[in-house]
Amino acid sequence: MSASTAPFRVRYRRSVNDPDLRPRLLAFQRSWRESRDAQVRRLEQRSEQSFDELRRNFAAVKDHTLERMDEYIAEFRANAEAAGARVIELATADQAVDYIAEVCRSRGIEVVVKSKSMVSEEIELNHELEQRGIAAIETDLGEWLLQLARERPSHLVMPAIHQKRQYVAEILGQELEREFDPDDIPAMVASAREGLRGHYLSAGAGLTGANALIAETGSVMVVTNEGNMRLATSLPDVHFVTAGIEKLIPTWADAERQLQLLPRSATAQTLSTYTTCITGAQPGKEMHIILLDNGRRAMRDHEPISDALRCIRCGACANVCPPYQVVGGHTFGHIYTGAIGLVNTTFHHSVADAAGPQGLCVSCGACETVCPVAIPLPAQILDIRRRVHESGHAPLWERAALRLWARPRVFNALMGMGALASGMARLVGLARRDHLRLPLPKRLRWRAVPTLPLRSGQTLIRARSSQPTIAPAPANGQAVDLFAQCLADRLLPSTVDAAARLIEAGGATVNLPEAQHCCGLPAFDAGDWDTARTMARQTIEALEGNTRSVVTPAPSCVISMRAHWPQLFADEPQWRDRAAAISDRVHDLAEWLDGPGHLPSGCLIKAGSDSWTAHRFCQSSNRGDDSARIDQLVERLTGEHALPLAEPEVCCGFGGLTSLAAPEVGEGILDRKLNCIADSGCDTLITNNPGCVIHLRAGAVARGSEHETLHYAEFLAAQLPKQPTSSSPPPISSLLPTLSLPPISSFLRKQEPTNNHHQ
Amino acid sequence: MMALSDRTALFAEGLAAAQGELFPCTSWEDVWRYAVSLSDEAPVVSPAAYEQLQRGALPDVNDPLRSIADRAVGITEAALAVAETGSVLLIEPAPIDRAVSLLTHHLIVAVTEQDIVDELADGFRWLARQPRAAAYATFVTGPSRTADIERSLTIGVQGPSRLSVAVLA
């Protein structure tokens, strides 16, 4: 079994144990980003259109073609056949293999030279032809190296990016029976001429893919850099084209639109070296154009997935993907790699093939921002996860954990026990910097385990008197519901309290809705929509029945309520309306402080100057939410400027359950982030999502970094005058209500201070 | 439409960015003399370039039908060039038309300055109107390249390793 066809867990372990992969892919991602961004800026200037306009225009062309697929296939076929080609529509991978093998058999063809074709990878053509006694020889250098090593591509455009030059020297040495110096890359490249020229001359057929099929003339457009495709289509007498039906576009003008986006997004080139357009069979030769379905019509008819058929195979989604950087494409994908591979594998291959890597995606949303055809990949991945979950491929521990999480009493009881255990650990000196000093196994040592504070955020708020108004905000005098977020309430109580104080500083009063727990995001993220619905219903019930604004320090919950709830309740109109009534009045705290709860600029100026920088919660940033720009908010309120931070929007690696399911991925991404933070030289790192705070803080403690990690609410509220705690309830009592003893809990609640502002 | 000299300058910029070289000249004789100066081995020529060079009555021009694989220098002609991208458009319907541009190490492509268009879209518009040219048309942007081994950009893989564009004034 080759390196890339092993079961997922085996591939995962191999990739995380490869010490060279991570740094190589990190260097690649950073240099691609820089050159691609420069290319896109030039394109925007020249065309006087934004990248978003350009990609949406071309996406509209693709959508139009997909809607009228059969008409365009007919037009393409008529024109290509008039020019002497044969057009064959085939439904399955097996049919495509059989067709090619049969043409070869009937013409006596024993060798096929291949230019790069992802469809041929999709149908595992090389292997299948080999079984039938036909040699398929890859002629793209990277593909050839993979073939010699019996591997699959690990990237759509840079197929052999995982191979080290030492390894390349070894496999070339075996093939060509001479020594290669691993440091002499030009010599290794030059050997392709030597190794492949004979094959071109002996081949009876050449096979290429297609970047576009132009219906108005029946032409095939192929974009390459090496020159091998032109050789493979010039020397042999038979030309096979293997293309998915989604490659059709109506006109030459559309082909040009595609070229504006494709090379810039793929290799950050203005144009690839060779853009070749072939129309029909050349005199005395044969051209067979195989239009493959293999799950594509099923994709088209499946609403959240159909947009994935716009894909032009540029690989950009992998080039910005933080987990891809850690594990590479053999693990992050199946045959198609990167975010698109997490989506289309289900349709071209199987749910089982798609299942393994799903848990690696951190849902940061970076892929969608660079996709040149605006495919909503993050939403599609969540849809695929649901299928994976429903087909029973999700891990058992995950399902069990989510069911527990969905039960507030169990959740609270566990958290209460955790808090007690943390208290004991503190007493016996097993805690340092609010994290436990535990002998962790090596693969988990990168992240310290946080202690659970004895009092929750809501308890802290109830136990103090209200914060005086520093400047009346538009919402002055209003009552506001605070949604604490389940994680923050227990793990970051001072953040929840700080959020309440900032709301109060604008003159609003803070109400803590009873029975608030979890919006359902963890379950939704894991594809467990039933559990997510249960959690969302609890939250809706806890928050409805009034018209107060709901404010939360957790932007992830806001995304969940605004974007996920409508999906969860798409088939339940009543719940959909109840959900919408909540999500219409929910605000992220940063949004609140710039909007209805506006605090005036410079109102929180500090005495001493702190050096700080900000990590913007990736999901909000990548969705284009203004509220993600917490550095600007903090600058406005404190008058202090953030230190520059490289890659401020790249995920921190928390990724919900990802850092639990795939700790090496969490570690790898966190490491990238912490290095950027260390380079910034900050004393304090602020960020805006509680998950990021917990993850970044635990990582900083584990590596012994000196900087402090804070939610911006806490950073800002530190400038507010401290409010005395009106009474200090014994710690145990604050835990008791969580131990599911209703009579005592209701009794205790009555005993709590009844501040006017806590309605 | 930009001015001719601006277009040529922009083309030169795009070509240089793609590691190609611009060679200004006034006649096919200049192209031939340049090609001859590059190597001891006689240049090989494509059928289109052969026709042009024959008009100049250069007696020692090779017939294109001779073996041309891996020869040092080759000459061919482009239908047009694209200022935006630094590309030249080769129209090569038959394999013999392609032989020079496929197999020589240093490819010289001659193009008339008037045939430089502003943008790739102009090139595609031209092609869309030329069904016969679209039988096998290639926009070539610089010499062949790969970055398949450790992302190290290497110029010259299976196609030419040098590309000079002779812009005929």
# chains A, B, ... in the order shown; residues from 1 in each chain; ligands from 1

call {"tool": "closest_atom_pairs", "arguments": {"of": "chain A", "to": "chain B", "cutoff": "7 Å", "atoms": "only C-alpha atoms", "output": "Markdown table"}}
result
| residue | atom | partner | partner_atom | distance |
| --- | --- | --- | --- | --- |
| A:Leu141 | CA | B:Asp148 | CA | 6.5 |
| A:Gly142 | CA | B:Asp148 | CA | 5.1 |
| A:Met158 | CA | B:Asp148 | CA | 6.2 |
| A:Ala160 | CA | B:Asp148 | CA | 6.3 |
| A:Ile161 | CA | B:Glu150 | CA | 6.2 |
| A:Lys164 | CA | B:Glu150 | CA | 6.5 |
| A:Arg165 | CA | B:Ile149 | CA | 6.4 |
| A:Pro186 | CA | B:Thr154 | CA | 6.2 |
| A:Val189 | CA | B:Val157 | CA | 6.4 |
| A:Ala190 | CA | B:Val157 | CA | 6.2 |
| A:Arg193 | CA | B:Gln158 | CA | 5.7 |
| A:Asn225 | CA | B:Arg145 | CA | 5.5 |
| A:Glu226 | CA | B:Ser144 | CA | 4.9 |
| A:Gly227 | CA | B:Gly159 | CA | 4.8 |
| A:Asn228 | CA | B:Gln158 | CA | 5.8 |
| A:Leu231 | CA | B:Leu102 | CA | 6.8 |
| A:Ser234 | CA | B:Pro95 | CA | 5.4 |
| A:Trp252 | CA | B:Ala128 | CA | 6.2 |
| A:Ala253 | CA | B:Phe124 | CA | 6.7 |
| A:Glu256 | CA | B:Ala121 | CA | 6.0 |
| A:Thr270 | CA | B:Thr85 | CA | 6.3 |
| A:Leu271 | CA | B:Thr85 | CA | 6.5 |
| A:Ser272 | CA | B:Thr141 | CA | 6.7 |
| A:Thr273 | CA | B:Thr141 | CA | 4.5 |
| A:Tyr274 | CA | B:Val140 | CA | 4.9 |
| A:Thr275 | CA | B:Phe139 | CA | 5.1 |
| A:Thr276 | CA | B:Thr138 | CA | 4.2 |
| A:Cys277 | CA | B:Ala137 | CA | 5.2 |
| A:Ile278 | CA | B:Tyr136 | CA | 4.6 |
| A:Thr279 | CA | B:Ala135 | CA | 4.4 |
| A:Gly280 | CA | B:Ala135 | CA | 6.4 |
| A:Gln282 | CA | B:Ala94 | CA | 6.8 |

call {"tool": "write_last_selection", "arguments": {"atoms": "C-alpha atoms", "output": "PDB file, in the first residue's frame"}}
result
ATOM      1  CA  LEU A 141       7.707  16.385 -13.725  1.00  0.00           C
ATOM      2  CA  GLY A 142       5.883  16.349 -10.401  1.00  0.00           C
ATOM      3  CA  MET A 158       2.104  21.295  -6.914  1.00  0.00           C
ATOM      4  CA  ALA A 160       4.926  16.545  -5.364  1.00  0.00           C
ATOM      5  CA  ILE A 161       5.251  19.380  -2.865  1.00  0.00           C
ATOM      6  CA  LYS A 164      12.162  16.243  -0.286  1.00  0.00           C
ATOM      7  CA  ARG A 165      14.902  16.765  -2.842  1.00  0.00           C
ATOM      8  CA  PRO A 186      18.416  21.856 -12.251  1.00  0.00           C
ATOM      9  CA  VAL A 189      14.823  18.705 -13.629  1.00  0.00           C
ATOM     10  CA  ALA A 190      16.890  18.205 -16.775  1.00  0.00           C
ATOM     11  CA  ARG A 193      13.931  15.310 -20.819  1.00  0.00           C
ATOM     12  CA  ASN A 225       4.217  25.336 -17.543  1.00  0.00           C
ATOM     13  CA  GLU A 226       6.612  22.615 -18.599  1.00  0.00           C
ATOM     14  CA  GLY A 227       5.807  22.062 -22.254  1.00  0.00           C
ATOM     15  CA  ASN A 228       4.981  18.385 -21.728  1.00  0.00           C
ATOM     16  CA  LEU A 231       4.626  17.216 -26.628  1.00  0.00           C
ATOM     17  CA  SER A 234       1.890  16.455 -30.874  1.00  0.00           C
ATOM     18  CA  TRP A 252     -13.841  32.316 -25.614  1.00  0.00           C
ATOM     19  CA  ALA A 253     -14.503  35.502 -23.690  1.00  0.00           C
ATOM     20  CA  GLU A 256     -10.282  34.658 -20.912  1.00  0.00           C
ATOM     21  CA  THR A 270       0.059  36.458 -14.557  1.00  0.00           C
ATOM     22  CA  LEU A 271      -0.318  33.709 -17.113  1.00  0.00           C
ATOM     23  CA  SER A 272       1.123  30.215 -17.117  1.00  0.00           C
ATOM     24  CA  THR A 273       3.845  29.530 -19.669  1.00  0.00           C
ATOM     25  CA  TYR A 274       1.616  27.637 -22.072  1.00  0.00           C
ATOM     26  CA  THR A 275      -2.073  28.289 -22.563  1.00  0.00           C
ATOM     27  CA  THR A 276      -3.015  25.890 -25.334  1.00  0.00           C
ATOM     28  CA  CYS A 277      -6.329  25.753 -27.133  1.00  0.00           C
ATOM     29  CA  ILE A 278      -7.056  22.752 -29.339  1.00  0.00           C
ATOM     30  CA  THR A 279     -10.075  22.510 -31.589  1.00  0.00           C
ATOM     31  CA  GLY A 280     -10.814  19.139 -33.098  1.00  0.00           C
ATOM     32  CA  GLN A 282      -5.476  17.195 -36.167  1.00  0.00           C
TER      33      GLN A 282
END

call {"tool": "residues_around", "arguments": {"residues": "region 444-454 of chain A", "least_positions_apart": "4", "cutoff": "10 Å", "atoms": "only C-alpha atoms", "output": "MDAnalysis selection string"}}
result
chainID A and resid 415:423 425:426 430:440 459 489:494 659:660 663:664 666:668 670:671 694:703 730:735

call {"tool": "select_by_dssp", "arguments": {"residues": "region 88-207 of chain A", "states": "strand (DSSP E)", "output": "ChimeraX atom specification"}}
result
/A:88-90,111-114,135-138,205-207

call {"tool": "residues_around", "arguments": {"residues": "Thr26 (chain B)", "least_positions_apart": "3", "cutoff": "12 Å", "atoms": "only C-alpha atoms", "output": "ChimeraX atom specification"}}
result
/B:23,29-34,110-113,166-169

call {"tool": "write_last_selection", "arguments": {"atoms": "C-alpha atoms", "output": "PDB file, in the first residue's frame"}}
result
ATOM      1  CA  PHE B  23      15.149  41.711 -29.151  1.00  0.00           C
ATOM      2  CA  GLU B  29      17.454  39.314 -41.835  1.00  0.00           C
ATOM      3  CA  ASP B  30      18.175  40.793 -38.401  1.00  0.00           C
ATOM      4  CA  VAL B  31      16.347  37.865 -36.809  1.00  0.00           C
ATOM      5  CA  TRP B  32      18.372  35.380 -38.809  1.00  0.00           C
ATOM      6  CA  ARG B  33      21.683  37.093 -38.070  1.00  0.00           C
ATOM      7  CA  TYR B  34      20.843  37.149 -34.375  1.00  0.00           C
ATOM      8  CA  ALA B 110       9.359  36.979 -34.358  1.00  0.00           C
ATOM      9  CA  VAL B 111       6.359  39.271 -34.117  1.00  0.00           C
ATOM     10  CA  THR B 112       5.518  42.510 -35.898  1.00  0.00           C
ATOM     11  CA  GLU B 113       5.231  45.466 -33.543  1.00  0.00           C
ATOM     12  CA  ALA B 166      12.151  39.588 -31.932  1.00  0.00           C
ATOM     13  CA  VAL B 167       9.860  42.592 -32.284  1.00  0.00           C
ATOM     14  CA  LEU B 168       9.930  43.731 -35.891  1.00  0.00           C
ATOM     15  CA  ALA B 169       9.512  47.477 -36.076  1.00  0.00           C
TER      16      ALA B 169
END

call {"tool": "residues_around", "arguments": {"residues": "region 149-157 of chain A", "least_positions_apart": "6", "cutoff": "8 Å", "atoms": "only C-alpha atoms", "output": "PyMOL selection string"}}
result
chain A and resi 2-5+118+121+143+171+266-267+313-315+318+328-330+335-338

call {"tool": "residues_around", "arguments": {"residues": "Gln719 (chain A)", "least_positions_apart": "6", "cutoff": "8 Å", "atoms": "only C-alpha atoms", "output": "number ranges by chain"}}
result
A: 604-606

call {"tool": "residues_around", "arguments": {"residues": "Arg562 (chain A)", "least_positions_apart": "6", "cutoff": "9 Å", "atoms": "only C-alpha atoms", "output": "PyMOL selection string"}}
result
chain A and resi 579-580+582-584+586

call {"tool": "write_last_selection", "arguments": {"atoms": "N, CA and C atoms", "output": "PDB file, in the first residue's frame"}}
result
ATOM      1  N   ALA A 579     -36.022  31.423  16.292  1.00  0.00           N
ATOM      2  CA  ALA A 579     -34.569  31.606  16.238  1.00  0.00           C
ATOM      3  C   ALA A 579     -34.227  32.977  15.653  1.00  0.00           C
ATOM      4  N   ALA A 580     -34.943  33.334  14.576  1.00  0.00           N
ATOM      5  CA  ALA A 580     -34.654  34.613  13.914  1.00  0.00           C
ATOM      6  C   ALA A 580     -34.937  35.785  14.849  1.00  0.00           C
ATOM      7  N   ILE A 582     -34.401  35.903  17.916  1.00  0.00           N
ATOM      8  CA  ILE A 582     -33.235  36.076  18.797  1.00  0.00           C
ATOM      9  C   ILE A 582     -32.048  36.625  17.999  1.00  0.00           C
ATOM     10  N   SER A 583     -31.758  35.974  16.855  1.00  0.00           N
ATOM     11  CA  SER A 583     -30.535  36.362  16.147  1.00  0.00           C
ATOM     12  C   SER A 583     -30.638  37.788  15.609  1.00  0.00           C
ATOM     13  N   ASP A 584     -31.877  38.292  15.452  1.00  0.00           N
ATOM     14  CA  ASP A 584     -32.027  39.686  15.021  1.00  0.00           C
ATOM     15  C   ASP A 584     -31.585  40.674  16.090  1.00  0.00           C
ATOM     16  N   VAL A 586     -29.177  39.892  18.512  1.00  0.00           N
ATOM     17  CA  VAL A 586     -27.915  39.519  19.151  1.00  0.00           C
ATOM     18  C   VAL A 586     -26.776  40.394  18.614  1.00  0.00           C
TER      19      VAL A 586
END
